[in-house]
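Novice: Once you've had a glance at the structure underneath, I'll fire off some questions.
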Amino acid sequence: MITYFKAIVVGLWSVLAGMGITIRYFFSKKVTMEYPEKRWQMPERFRGMVKCDTDKCISCLYCVNICPVSCLTLEGIKAEIPSRVITLEGKEMKRMKDVTKFEVDISKCIFCGLCAEGCPTCAIGMSDEYELSALSRKELVYQYARSGQR
Ligand code: SF4
Ligand code: SF4
């Protein structure tokens with residue numbers, strides 16, 4: 001008989017303890033987010049999707065050569081009329097080549113940011129885009145056309 005009542009008291013106590021935790025979290029500050037209606041604001045130096053503005057690219061191949069996992073492919077042809085771009089130091093530079101292909105295979109990318117750090121014209125950069133899932137590997141290869149569109 002005593003065991004029976006003891007079990008009831010223990011059961012009631014566990015329900016009350018559980019409800020206590022529920023009530024405490026109900027009134028405390030929310031830590032979850034209603035994704036995808038709301039999204040995180042990434043910090044300024046966050047390294048997300050690699051983006052390239054081929055209008056600024058001078059085809060120097062720095063980014064292609066520095067990339068530790070070889071996920072960048074760049075092809076260019078000699079420009080008929082060389083255009084001018086402004087470098088990071090504010091110097092004007094002749095752009096002798098037009099970019100015909102700029103590919104980023106994001107499935108290989110380790111988001112190290114080395115490509116963006118040394119680009120002389122800031123043509124390539126790390127964005128705050130972090131939703132990069134896809135249904136196939138092919139979809140993870142991004143082709144950049146002129147004006148940074150893909
Ligand atoms: S480092 Fe910059 S300018 Fe040079 S090829 Fe890469 S994106 Fe173009
Ligand atoms: S962030 Fe790193 S791994 Fe990704 S493309 Fe740039 S250099 Fe390559």
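Here's how to read the names in the structure tokens: chain A, B, ... by the order shown, residue numbers from 1 in each chain, ligand numbers from 1 in the order shown.
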Using only C-alpha atoms and all ligand atoms, what are the residues with an atom within 6 Å of ligand 1, set out as number ranges by chain?

Specialist: A: 57-63, 119-121, 123-124

Novice: 10 Å from ligand 2 is the threshold here; counting only C-alpha atoms and all ligand atoms, which polymer residues fall inside it? Answer as an NGL selection string.

Specialist: :A and (47-51 or 62-73 or 103-118 or 124-126)

Novice: With only C-alpha atoms as the atoms that count, which of A:Ile81, A:Ala145, A:Leu140, A:Ala134 lies nearest to Lys101 of chain A?

Specialist: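 Among the listed residues, the smallest separation from Lys101 of chain A belongs to A:Ala145.
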
Novice: Run DSSP on the backbone and grab whatever in segment 12-142 of chain A lands in helix (DSSP H, G or I); send it over as a ChimeraX atom specification.

Specialist: /A:12-27,62-66,114-118,138-140

Novice: What gap, in Å, lies between atom CA of Met93 of chain A and atom CA of Glu80 of chain A?

Specialist: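 Between atom CA of Met93 of chain A and atom CA of Glu80 of chain A the gap works out to 15.9 Å.
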